[in-house]
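Enquirer: For reference, this is start13.pdb, and it has PDB, C-alpha atoms, pLDDT in the B column.
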MODEL        1
ATOM      1  CA  LEU A 495      29.882 144.724  64.126  1.00 54.00           C
ATOM      2  CA  GLY A 496      27.797 146.636  61.626  1.00 50.00           C
ATOM      3  CA  GLY A 497      25.958 149.909  61.398  1.00 50.00           C
ATOM      4  CA  PRO A 498      22.682 150.895  63.069  1.00 50.00           C
ATOM      5  CA  GLY A 499      19.853 148.552  62.146  1.00 51.00           C
ATOM      6  CA  HIS A 500      22.334 145.832  61.278  1.00 62.00           C
ATOM      7  CA  ARG A 501      21.517 142.274  62.387  1.00 69.00           C
ATOM      8  CA  SER A 502      24.567 142.360  64.689  1.00 76.00           C
ATOM      9  CA  ASP A 503      22.958 145.226  66.639  1.00 86.00           C
ATOM     10  CA  ALA A 504      19.895 143.058  67.198  1.00 91.00           C
ATOM     11  CA  ARG A 505      22.134 140.250  68.407  1.00 91.00           C
ATOM     12  CA  LEU A 506      23.786 142.535  70.945  1.00 91.00           C
ATOM     13  CA  ARG A 507      20.428 143.728  72.261  1.00 93.00           C
ATOM     14  CA  ALA A 508      19.148 140.142  72.540  1.00 94.00           C
ATOM     15  CA  LEU A 509      21.949 138.947  74.837  1.00 94.00           C
ATOM     16  CA  ASP A 510      22.084 139.308  78.620  1.00 95.00           C
ATOM     17  CA  GLU A 511      25.331 139.207  80.616  1.00 96.00           C
ATOM     18  CA  GLY A 512      27.074 135.851  80.280  1.00 94.00           C
ATOM     19  CA  GLN A 513      25.066 134.735  77.252  1.00 94.00           C
ATOM     20  CA  ASP A 514      26.361 133.877  73.791  1.00 91.00           C
ATOM     21  CA  ARG A 515      25.068 132.841  70.371  1.00 91.00           C
ATOM     22  CA  ARG A 516      23.399 129.719  71.806  1.00 91.00           C
ATOM     23  CA  HIS A 517      20.955 132.046  73.611  1.00 92.00           C
ATOM     24  CA  LEU A 518      19.937 133.994  70.503  1.00 92.00           C
ATOM     25  CA  PRO A 519      16.486 133.622  68.965  1.00 92.00           C
ATOM     26  CA  THR A 520      16.504 131.448  65.857  1.00 90.00           C
ATOM     27  CA  HIS A 521      16.204 134.377  63.415  1.00 90.00           C
ATOM     28  CA  LEU A 522      19.397 135.916  64.889  1.00 90.00           C
ATOM     29  CA  LYS A 523      21.465 132.733  65.125  1.00 84.00           C
ATOM     30  CA  ALA A 524      24.953 133.035  63.721  1.00 76.00           C
ATOM     31  CA  GLY A 525      27.476 130.435  62.717  1.00 77.00           C
ATOM     32  CA  GLY A 526      30.840 129.983  64.324  1.00 78.00           C
ATOM     33  CA  HIS A 527      32.113 128.653  67.608  1.00 79.00           C
ATOM     34  CA  GLU A 528      29.912 128.480  70.701  1.00 77.00           C
ATOM     35  CA  THR A 529      31.296 131.655  72.309  1.00 75.00           C
ATOM     36  CA  LYS A 530      30.539 133.752  69.222  1.00 85.00           C
ATOM     37  CA  TYR A 531      28.547 136.794  70.303  1.00 90.00           C
ATOM     38  CA  ARG A 532      29.581 136.400  73.927  1.00 92.00           C
ATOM     39  CA  ARG A 533      28.377 139.116  76.291  1.00 95.00           C
ATOM     40  CA  LEU A 534      30.878 139.356  79.112  1.00 96.00           C
ATOM     41  CA  ARG A 535      29.889 139.304  82.783  1.00 96.00           C
ATOM     42  CA  ALA A 536      30.713 142.372  84.884  1.00 95.00           C
ATOM     43  CA  ASP A 537      31.089 140.219  88.013  1.00 95.00           C
ATOM     44  CA  ALA A 538      33.349 137.531  86.540  1.00 95.00           C
ATOM     45  CA  PRO A 539      36.842 137.341  85.059  1.00 92.00           C
ATOM     46  CA  CYS A 540      37.088 138.116  81.368  1.00 91.00           C
ATOM     47  CA  PRO A 541      37.947 135.227  79.056  1.00 90.00           C
ATOM     48  CA  THR A 542      41.428 135.216  77.595  1.00 89.00           C
ATOM     49  CA  VAL A 543      42.089 138.229  75.402  1.00 90.00           C
ATOM     50  CA  THR A 544      43.547 137.029  72.107  1.00 89.00           C
ATOM     51  CA  ALA A 545      45.142 138.591  69.053  1.00 89.00           C
ATOM     52  CA  HIS A 546      42.084 137.415  67.102  1.00 88.00           C
ATOM     53  CA  MET A 547      40.282 140.484  68.494  1.00 87.00           C
ATOM     54  CA  GLY A 548      41.983 142.414  65.702  1.00 82.00           C
ATOM     55  CA  LYS A 549      39.785 140.517  63.219  1.00 86.00           C
ATOM     56  CA  ASP A 550      36.598 139.730  65.153  1.00 87.00           C
ATOM     57  CA  LEU A 551      35.337 141.347  68.354  1.00 88.00           C
ATOM     58  CA  SER A 552      32.133 139.314  68.631  1.00 88.00           C
ATOM     59  CA  ASP A 553      33.549 137.223  71.518  1.00 89.00           C
ATOM     60  CA  PHE A 554      33.988 140.351  73.646  1.00 93.00           C
ATOM     61  CA  ILE A 555      30.669 142.190  73.964  1.00 94.00           C
ATOM     62  CA  HIS A 556      30.551 144.770  76.747  1.00 96.00           C
ATOM     63  CA  PRO A 557      28.644 143.414  79.780  1.00 96.00           C
ATOM     64  CA  ARG A 558      26.084 146.237  79.809  1.00 94.00           C
ATOM     65  CA  LEU A 559      26.498 148.453  76.738  1.00 95.00           C
ATOM     66  CA  GLN A 560      25.404 147.551  73.207  1.00 94.00           C
ATOM     67  CA  ARG A 561      28.934 147.352  71.788  1.00 94.00           C
ATOM     68  CA  THR A 562      32.115 145.332  71.815  1.00 93.00           C
ATOM     69  CA  LEU A 563      35.115 146.180  73.987  1.00 95.00           C
ATOM     70  CA  THR A 564      37.397 149.025  72.986  1.00 96.00           C
ATOM     71  CA  VAL A 565      41.169 148.651  72.676  1.00 96.00           C
ATOM     72  CA  ARG A 566      41.541 150.502  76.003  1.00 97.00           C
ATOM     73  CA  GLU A 567      39.104 148.142  77.761  1.00 96.00           C
ATOM     74  CA  ALA A 568      40.879 145.083  76.371  1.00 96.00           C
ATOM     75  CA  ALA A 569      44.197 146.578  77.529  1.00 96.00           C
ATOM     76  CA  ARG A 570      42.744 147.063  81.031  1.00 95.00           C
ATOM     77  CA  VAL A 571      41.786 143.387  81.072  1.00 92.00           C
ATOM     78  CA  GLN A 572      45.434 142.599  80.332  1.00 93.00           C
ATOM     79  CA  GLY A 573      46.560 144.914  83.148  1.00 94.00           C
ATOM     80  CA  PHE A 574      48.001 147.741  81.062  1.00 96.00           C
ATOM     81  CA  PRO A 575      47.891 151.162  82.735  1.00 95.00           C
ATOM     82  CA  ASP A 576      45.544 153.652  81.068  1.00 96.00           C
ATOM     83  CA  ASP A 577      48.444 155.828  79.935  1.00 96.00           C
ATOM     84  CA  TYR A 578      50.098 152.995  77.974  1.00 95.00           C
ATOM     85  CA  GLU A 579      50.013 153.956  74.305  1.00 95.00           C
ATOM     86  CA  PHE A 580      49.344 151.511  71.495  1.00 96.00           C
ATOM     87  CA  ILE A 581      50.098 152.644  67.940  1.00 96.00           C
ATOM     88  CA  GLY A 582      48.891 151.596  64.510  1.00 97.00           C
ATOM     89  CA  SER A 583      45.458 150.751  63.206  1.00 95.00           C
ATOM     90  CA  GLN A 584      42.704 149.625  65.559  1.00 94.00           C
ATOM     91  CA  ALA A 585      43.150 146.041  64.335  1.00 93.00           C
ATOM     92  CA  SER A 586      46.899 146.296  64.975  1.00 95.00           C
ATOM     93  CA  GLN A 587      46.287 147.664  68.474  1.00 96.00           C
ATOM     94  CA  PHE A 588      43.920 144.786  69.308  1.00 95.00           C
ATOM     95  CA  THR A 589      46.553 142.350  68.029  1.00 94.00           C
ATOM     96  CA  GLN A 590      49.206 144.000  70.238  1.00 95.00           C
ATOM     97  CA  VAL A 591      46.960 143.713  73.302  1.00 96.00           C
ATOM     98  CA  GLY A 592      45.988 140.131  72.493  1.00 94.00           C
ATOM     99  CA  ASN A 593      49.573 139.007  71.900  1.00 94.00           C
ATOM    100  CA  ALA A 594      50.803 140.587  75.136  1.00 94.00           C
ATOM    101  CA  VAL A 595      51.515 138.559  78.230  1.00 92.00           C
ATOM    102  CA  PRO A 596      49.201 140.025  80.898  1.00 91.00           C
ATOM    103  CA  VAL A 597      51.142 142.638  82.856  1.00 91.00           C
ATOM    104  CA  LEU A 598      50.652 141.066  86.311  1.00 92.00           C
ATOM    105  CA  LEU A 599      51.575 137.599  84.996  1.00 93.00           C
ATOM    106  CA  ALA A 600      54.739 138.984  83.387  1.00 93.00           C
ATOM    107  CA  ALA A 601      55.658 140.727  86.663  1.00 95.00           C
ATOM    108  CA  ALA A 602      55.095 137.533  88.674  1.00 96.00           C
ATOM    109  CA  LEU A 603      57.137 135.421  86.256  1.00 96.00           C
ATOM    110  CA  GLY A 604      59.936 137.977  86.153  1.00 96.00           C
ATOM    111  CA  GLY A 605      60.012 138.119  89.966  1.00 97.00           C
ATOM    112  CA  ALA A 606      60.126 134.326  90.249  1.00 97.00           C
ATOM    113  CA  ILE A 607      62.962 134.080  87.722  1.00 96.00           C
ATOM    114  CA  ALA A 608      64.927 136.839  89.477  1.00 96.00           C
ATOM    115  CA  GLU A 609      64.490 135.104  92.856  1.00 95.00           C
ATOM    116  CA  SER A 610      65.595 131.786  91.383  1.00 95.00           C
ATOM    117  CA  LEU A 611      68.717 133.422  89.952  1.00 95.00           C
ATOM    118  CA  ARG A 612      69.489 135.067  93.312  1.00 93.00           C
ATOM    119  CA  ARG A 613      69.199 131.715  95.075  1.00 92.00           C
ATOM    120  CA  SER A 614      71.435 129.962  92.568  1.00 89.00           C
ATOM    121  CA  ARG A 615      74.221 132.525  93.155  1.00 84.00           C
ATOM    122  CA  ARG A 616      74.279 132.112  96.931  1.00 75.00           C
ATOM    123  CA  PRO A 617      77.077 129.984  98.338  1.00 74.00           C
ATOM    124  CA  ARG A 618      75.838 126.549  99.290  1.00 70.00           C
ATOM    125  CA  ARG A 619      76.097 125.294 102.831  1.00 70.00           C
ATOM    126  CA  ARG A 620      77.799 121.981 103.449  1.00 66.00           C
TER     127      ARG A 620
ENDMDL
END
As C-alpha cells - that is how I would like this structure written.
Expert:
Amino acid sequence: LGGPGHRSDARLRALDEGQDRRHLPTHLKAGGHETKYRRLRADAPCPTVTAHMGKDLSDFIHPRLQRTLTVREAARVQGFPDDYEFIGSQASQFTQVGNAVPVLLAAALGGAIAESLRRSRRPRRR
C-alpha cells in the first residue's frame, strides 16, 4: 500500500479493528467503495476473500498489525493448510486464493453430492 511515510501508512494507523474508510479523518479520506481500507476484526469472521486481492489489498487490513494480509493469511481464511503451495507472482497467488472455493465448503459439498449419489443407487423399496 505504499512505502514508509506514505499516506496509506497513515490510513492504516488511523483505523481500529472493524473500521473502514468512513472512519478516517478528512485529510486521509480515500475514494472507492465503503469497505475500502477495511481493518478486519480478530473476533469476527473475515469477509469473503476475492480474486480482487491480487490487485488491491486495501479491503483486508490485518486486525492488529499495520499491514494488509499476506497470501498465507488469506489462504488460512479459505481453509488451506499451511503447507499448501501457491506458485507464481504475489498477485497471481492472491488471485488463486480468491478464486478458490473455501476448502471446508468444497469438502461439505463433495460429501453431500457423494451421499446423494449413494442414495440414488440403492434399490428402492416398494
Enquirer: Find, counting all atoms listed in the file, the residue in A:Lys523, A:Arg618, A:Lys530, A:Arg612 that gets nearest to Met547 of chain A.
Expert: A:Lys530
Enquirer: Would you compute the distance between atom CA of Thr564 of chain A and atom CA of Val591 of chain A? Give it in Å to one decimal.
Expert: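 According to the coordinates, atom CA of Thr564 of chain A and atom CA of Val591 of chain A are separated by 10.9 Å.
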Enquirer: I would like the residues chosen by the PyMOL selection byres ((chain A and resi 566) around 12) on the shown file; could you give them as a PDB file with C-alpha atoms, in the frame of the given file?
Expert:
ATOM      1  CA  THR A 562      32.115 145.332  71.815  1.00 93.00           C
ATOM      2  CA  LEU A 563      35.115 146.180  73.987  1.00 95.00           C
ATOM      3  CA  THR A 564      37.397 149.025  72.986  1.00 96.00           C
ATOM      4  CA  VAL A 565      41.169 148.651  72.676  1.00 96.00           C
ATOM      5  CA  GLU A 567      39.104 148.142  77.761  1.00 96.00           C
ATOM      6  CA  ALA A 568      40.879 145.083  76.371  1.00 96.00           C
ATOM      7  CA  ALA A 569      44.197 146.578  77.529  1.00 96.00           C
ATOM      8  CA  ARG A 570      42.744 147.063  81.031  1.00 95.00           C
ATOM      9  CA  VAL A 571      41.786 143.387  81.072  1.00 92.00           C
ATOM     10  CA  GLN A 572      45.434 142.599  80.332  1.00 93.00           C
ATOM     11  CA  GLY A 573      46.560 144.914  83.148  1.00 94.00           C
ATOM     12  CA  PHE A 574      48.001 147.741  81.062  1.00 96.00           C
ATOM     13  CA  PRO A 575      47.891 151.162  82.735  1.00 95.00           C
ATOM     14  CA  ASP A 576      45.544 153.652  81.068  1.00 96.00           C
ATOM     15  CA  ASP A 577      48.444 155.828  79.935  1.00 96.00           C
ATOM     16  CA  TYR A 578      50.098 152.995  77.974  1.00 95.00           C
ATOM     17  CA  GLU A 579      50.013 153.956  74.305  1.00 95.00           C
ATOM     18  CA  PHE A 580      49.344 151.511  71.495  1.00 96.00           C
ATOM     19  CA  ILE A 581      50.098 152.644  67.940  1.00 96.00           C
ATOM     20  CA  GLN A 584      42.704 149.625  65.559  1.00 94.00           C
ATOM     21  CA  GLN A 587      46.287 147.664  68.474  1.00 96.00           C
ATOM     22  CA  PHE A 588      43.920 144.786  69.308  1.00 95.00           C
ATOM     23  CA  GLN A 590      49.206 144.000  70.238  1.00 95.00           C
ATOM     24  CA  VAL A 591      46.960 143.713  73.302  1.00 96.00           C
ATOM     25  CA  GLY A 592      45.988 140.131  72.493  1.00 94.00           C
TER      26      GLY A 592
END
Enquirer: One number please: atom CA of Cys540 of chain A to atom CA of Leu509 of chain A, in Å, one decimal.
Expert: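 We find that atom CA of Cys540 of chain A and atom CA of Leu509 of chain A lie 16.5 Å from each other.
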Enquirer: Which residue gives the smallest distance to Pro557 of chain A among A:Ala606, A:Leu522, A:Leu534, A:Ala545, with all atoms listed in the file counted?
Expert: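 Smallest distance to Pro557 of chain A is found for A:Leu534.
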Enquirer: So that I can see what lies close to Arg533 of chain A, please list as a ChimeraX atom specification the residues with an atom at most 6 Å from it, counting all atoms listed in the file and leaving out residues fewer than 6 positions away in the same chain.
Expert: /A:511-513,555,557
Enquirer: Go through A:Arg616, A:Arg558, A:Arg507, A:Lys549 and flag the residue nearest Arg535 of chain A, using only C-alpha atoms for the distances.
Expert: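 Distance minimum relative to Arg535 of chain A lands on A:Arg558.
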Enquirer: Mind giving me the axis-aligned box for segment 531-546 of chain A with 4 Å on every side, centre plus edges in Å to one decimal, as lines of an AutoDock Vina configuration file?
Expert:
center_x = 36.8
center_y = 138.8
center_z = 77.6
size_x = 24.8
size_y = 15.2
size_z = 28.9
Enquirer: One number please: atom CA of Thr589 of chain A to atom CA of Gly548 of chain A, in Å, one decimal.
Expert: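 That distance, rounded to one decimal, is 5.1 Å.
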Enquirer: Please write a file for segment 549-563 of chain A, taken from the block I just shared, that holds all heavy atoms and is laid out as a PDB file, in the first residue's frame.
Expert:
ATOM      1  N   LYS A 549      -5.094  -7.395  -6.979  1.00  0.00           N
ATOM      2  CA  LYS A 549      -4.933  -6.026  -7.480  1.00  0.00           C
ATOM      3  C   LYS A 549      -4.971  -4.980  -6.387  1.00  0.00           C
ATOM      4  O   LYS A 549      -4.379  -3.920  -6.502  1.00  0.00           O
ATOM      5  CB  LYS A 549      -6.033  -5.734  -8.496  1.00  0.00           C
ATOM      6  CG  LYS A 549      -5.948  -6.589  -9.721  1.00  0.00           C
ATOM      7  CD  LYS A 549      -7.018  -6.235 -10.700  1.00  0.00           C
ATOM      8  CE  LYS A 549      -6.852  -7.104 -11.929  1.00  0.00           C
ATOM      9  NZ  LYS A 549      -8.056  -7.646 -12.407  1.00  0.00           N
ATOM     10  N   ASP A 550      -5.729  -5.242  -5.308  1.00  0.00           N
ATOM     11  CA  ASP A 550      -5.914  -4.239  -4.262  1.00  0.00           C
ATOM     12  C   ASP A 550      -6.179  -4.943  -2.938  1.00  0.00           C
ATOM     13  O   ASP A 550      -7.183  -5.631  -2.780  1.00  0.00           O
ATOM     14  CB  ASP A 550      -7.098  -3.343  -4.634  1.00  0.00           C
ATOM     15  CG  ASP A 550      -7.360  -2.245  -3.618  1.00  0.00           C
ATOM     16  OD1 ASP A 550      -6.543  -2.057  -2.695  1.00  0.00           O
ATOM     17  OD2 ASP A 550      -8.384  -1.571  -3.758  1.00  0.00           O
ATOM     18  N   LEU A 551      -5.283  -4.760  -1.992  1.00  0.00           N
ATOM     19  CA  LEU A 551      -5.412  -5.412  -0.681  1.00  0.00           C
ATOM     20  C   LEU A 551      -6.050  -4.510   0.369  1.00  0.00           C
ATOM     21  O   LEU A 551      -6.168  -4.899   1.522  1.00  0.00           O
ATOM     22  CB  LEU A 551      -4.030  -5.842  -0.194  1.00  0.00           C
ATOM     23  CG  LEU A 551      -3.425  -7.004  -0.941  1.00  0.00           C
ATOM     24  CD1 LEU A 551      -1.957  -7.158  -0.566  1.00  0.00           C
ATOM     25  CD2 LEU A 551      -4.183  -8.270  -0.628  1.00  0.00           C
ATOM     26  N   SER A 552      -6.466  -3.315  -0.008  1.00  0.00           N
ATOM     27  CA  SER A 552      -6.936  -2.354   0.993  1.00  0.00           C
ATOM     28  C   SER A 552      -8.190  -2.800   1.736  1.00  0.00           C
ATOM     29  O   SER A 552      -8.497  -2.255   2.792  1.00  0.00           O
ATOM     30  CB  SER A 552      -7.186  -0.993   0.349  1.00  0.00           C
ATOM     31  OG  SER A 552      -8.267  -1.067  -0.557  1.00  0.00           O
ATOM     32  N   ASP A 553      -8.914  -3.781   1.240  1.00  0.00           N
ATOM     33  CA  ASP A 553     -10.110  -4.288   1.943  1.00  0.00           C
ATOM     34  C   ASP A 553      -9.747  -5.297   3.023  1.00  0.00           C
ATOM     35  O   ASP A 553     -10.616  -5.741   3.770  1.00  0.00           O
ATOM     36  CB  ASP A 553     -11.059  -4.995   0.970  1.00  0.00           C
ATOM     37  CG  ASP A 553     -11.706  -4.061  -0.019  1.00  0.00           C
ATOM     38  OD1 ASP A 553     -11.490  -2.841   0.079  1.00  0.00           O
ATOM     39  OD2 ASP A 553     -12.437  -4.550  -0.883  1.00  0.00           O
ATOM     40  N   PHE A 554      -8.491  -5.670   3.105  1.00  0.00           N
ATOM     41  CA  PHE A 554      -8.064  -6.746   4.011  1.00  0.00           C
ATOM     42  C   PHE A 554      -6.851  -6.310   4.833  1.00  0.00           C
ATOM     43  O   PHE A 554      -5.756  -6.815   4.677  1.00  0.00           O
ATOM     44  CB  PHE A 554      -7.747  -8.011   3.213  1.00  0.00           C
ATOM     45  CG  PHE A 554      -8.946  -8.533   2.479  1.00  0.00           C
ATOM     46  CD1 PHE A 554      -9.213  -8.134   1.180  1.00  0.00           C
ATOM     47  CD2 PHE A 554      -9.824  -9.397   3.111  1.00  0.00           C
ATOM     48  CE1 PHE A 554     -10.337  -8.602   0.514  1.00  0.00           C
ATOM     49  CE2 PHE A 554     -10.946  -9.869   2.443  1.00  0.00           C
ATOM     50  CZ  PHE A 554     -11.199  -9.466   1.152  1.00  0.00           C
ATOM     51  N   ILE A 555      -7.083  -5.350   5.736  1.00  0.00           N
ATOM     52  CA  ILE A 555      -6.021  -4.873   6.621  1.00  0.00           C
ATOM     53  C   ILE A 555      -6.006  -5.761   7.859  1.00  0.00           C
ATOM     54  O   ILE A 555      -7.052  -6.062   8.440  1.00  0.00           O
ATOM     55  CB  ILE A 555      -6.252  -3.395   6.999  1.00  0.00           C
ATOM     56  CG1 ILE A 555      -6.254  -2.536   5.729  1.00  0.00           C
ATOM     57  CG2 ILE A 555      -5.190  -2.918   7.986  1.00  0.00           C
ATOM     58  CD1 ILE A 555      -6.727  -1.114   5.951  1.00  0.00           C
ATOM     59  N   HIS A 556      -4.821  -6.183   8.240  1.00  0.00           N
ATOM     60  CA  HIS A 556      -4.640  -7.049   9.408  1.00  0.00           C
ATOM     61  C   HIS A 556      -5.342  -6.413  10.621  1.00  0.00           C
ATOM     62  O   HIS A 556      -5.305  -5.199  10.792  1.00  0.00           O
ATOM     63  CB  HIS A 556      -3.145  -7.227   9.683  1.00  0.00           C
ATOM     64  CG  HIS A 556      -2.842  -8.307  10.651  1.00  0.00           C
ATOM     65  ND1 HIS A 556      -2.985  -8.141  12.014  1.00  0.00           N
ATOM     66  CD2 HIS A 556      -2.410  -9.571  10.473  1.00  0.00           C
ATOM     67  CE1 HIS A 556      -2.650  -9.254  12.630  1.00  0.00           C
ATOM     68  NE2 HIS A 556      -2.292 -10.150  11.712  1.00  0.00           N
ATOM     69  N   PRO A 557      -5.990  -7.224  11.452  1.00  0.00           N
ATOM     70  CA  PRO A 557      -6.724  -6.659  12.599  1.00  0.00           C
ATOM     71  C   PRO A 557      -5.856  -5.845  13.554  1.00  0.00           C
ATOM     72  O   PRO A 557      -6.336  -4.864  14.125  1.00  0.00           O
ATOM     73  CB  PRO A 557      -7.277  -7.882  13.328  1.00  0.00           C
ATOM     74  CG  PRO A 557      -7.164  -9.016  12.400  1.00  0.00           C
ATOM     75  CD  PRO A 557      -6.115  -8.672  11.386  1.00  0.00           C
ATOM     76  N   ARG A 558      -4.600  -6.220  13.725  1.00  0.00           N
ATOM     77  CA  ARG A 558      -3.776  -5.559  14.748  1.00  0.00           C
ATOM     78  C   ARG A 558      -2.474  -4.954  14.217  1.00  0.00           C
ATOM     79  O   ARG A 558      -1.958  -4.026  14.814  1.00  0.00           O
ATOM     80  CB  ARG A 558      -3.467  -6.550  15.865  1.00  0.00           C
ATOM     81  CG  ARG A 558      -4.751  -6.980  16.560  1.00  0.00           C
ATOM     82  CD  ARG A 558      -4.512  -7.722  17.829  1.00  0.00           C
ATOM     83  NE  ARG A 558      -5.805  -8.058  18.437  1.00  0.00           N
ATOM     84  CZ  ARG A 558      -6.266  -9.282  18.569  1.00  0.00           C
ATOM     85  NH1 ARG A 558      -5.552 -10.301  18.168  1.00  0.00           N
ATOM     86  NH2 ARG A 558      -7.440  -9.493  19.119  1.00  0.00           N
ATOM     87  N   LEU A 559      -1.953  -5.509  13.132  1.00  0.00           N
ATOM     88  CA  LEU A 559      -0.677  -5.023  12.599  1.00  0.00           C
ATOM     89  C   LEU A 559      -0.921  -3.974  11.517  1.00  0.00           C
ATOM     90  O   LEU A 559      -1.982  -3.947  10.896  1.00  0.00           O
ATOM     91  CB  LEU A 559       0.136  -6.197  12.047  1.00  0.00           C
ATOM     92  CG  LEU A 559       0.442  -7.311  13.059  1.00  0.00           C
ATOM     93  CD1 LEU A 559       1.181  -8.451  12.378  1.00  0.00           C
ATOM     94  CD2 LEU A 559       1.228  -6.769  14.243  1.00  0.00           C
ATOM     95  N   GLN A 560       0.068  -3.133  11.284  1.00  0.00           N
ATOM     96  CA  GLN A 560      -0.071  -2.043  10.311  1.00  0.00           C
ATOM     97  C   GLN A 560       0.291  -2.527   8.909  1.00  0.00           C
ATOM     98  O   GLN A 560       1.246  -2.076   8.294  1.00  0.00           O
ATOM     99  CB  GLN A 560       0.825  -0.859  10.721  1.00  0.00           C
ATOM    100  CG  GLN A 560       0.577  -0.332  12.110  1.00  0.00           C
ATOM    101  CD  GLN A 560      -0.866   0.038  12.365  1.00  0.00           C
ATOM    102  OE1 GLN A 560      -1.598   0.470  11.492  1.00  0.00           O
ATOM    103  NE2 GLN A 560      -1.312  -0.159  13.601  1.00  0.00           N
ATOM    104  N   ARG A 561      -0.483  -3.496   8.411  1.00  0.00           N
ATOM    105  CA  ARG A 561      -0.233  -4.048   7.076  1.00  0.00           C
ATOM    106  C   ARG A 561      -1.475  -4.787   6.606  1.00  0.00           C
ATOM    107  O   ARG A 561      -2.375  -5.077   7.379  1.00  0.00           O
ATOM    108  CB  ARG A 561       0.966  -4.990   7.097  1.00  0.00           C
ATOM    109  CG  ARG A 561       0.779  -6.194   8.019  1.00  0.00           C
ATOM    110  CD  ARG A 561       1.916  -7.174   7.867  1.00  0.00           C
ATOM    111  NE  ARG A 561       1.807  -8.311   8.761  1.00  0.00           N
ATOM    112  CZ  ARG A 561       0.994  -9.359   8.600  1.00  0.00           C
ATOM    113  NH1 ARG A 561       0.182  -9.422   7.564  1.00  0.00           N
ATOM    114  NH2 ARG A 561       0.987 -10.354   9.478  1.00  0.00           N
ATOM    115  N   THR A 562      -1.472  -5.118   5.332  1.00  0.00           N
ATOM    116  CA  THR A 562      -2.549  -5.931   4.776  1.00  0.00           C
ATOM    117  C   THR A 562      -2.230  -7.406   5.007  1.00  0.00           C
ATOM    118  O   THR A 562      -1.141  -7.756   5.441  1.00  0.00           O
ATOM    119  CB  THR A 562      -2.697  -5.646   3.267  1.00  0.00           C
ATOM    120  OG1 THR A 562      -1.462  -5.908   2.620  1.00  0.00           O
ATOM    121  CG2 THR A 562      -3.128  -4.203   3.021  1.00  0.00           C
ATOM    122  N   LEU A 563      -3.195  -8.264   4.710  1.00  0.00           N
ATOM    123  CA  LEU A 563      -2.977  -9.705   4.868  1.00  0.00           C
ATOM    124  C   LEU A 563      -1.937 -10.200   3.876  1.00  0.00           C
ATOM    125  O   LEU A 563      -1.803  -9.667   2.775  1.00  0.00           O
ATOM    126  CB  LEU A 563      -4.269 -10.477   4.625  1.00  0.00           C
ATOM    127  CG  LEU A 563      -5.411 -10.288   5.615  1.00  0.00           C
ATOM    128  CD1 LEU A 563      -6.562 -11.231   5.270  1.00  0.00           C
ATOM    129  CD2 LEU A 563      -4.960 -10.513   7.046  1.00  0.00           C
TER     130      LEU A 563
END
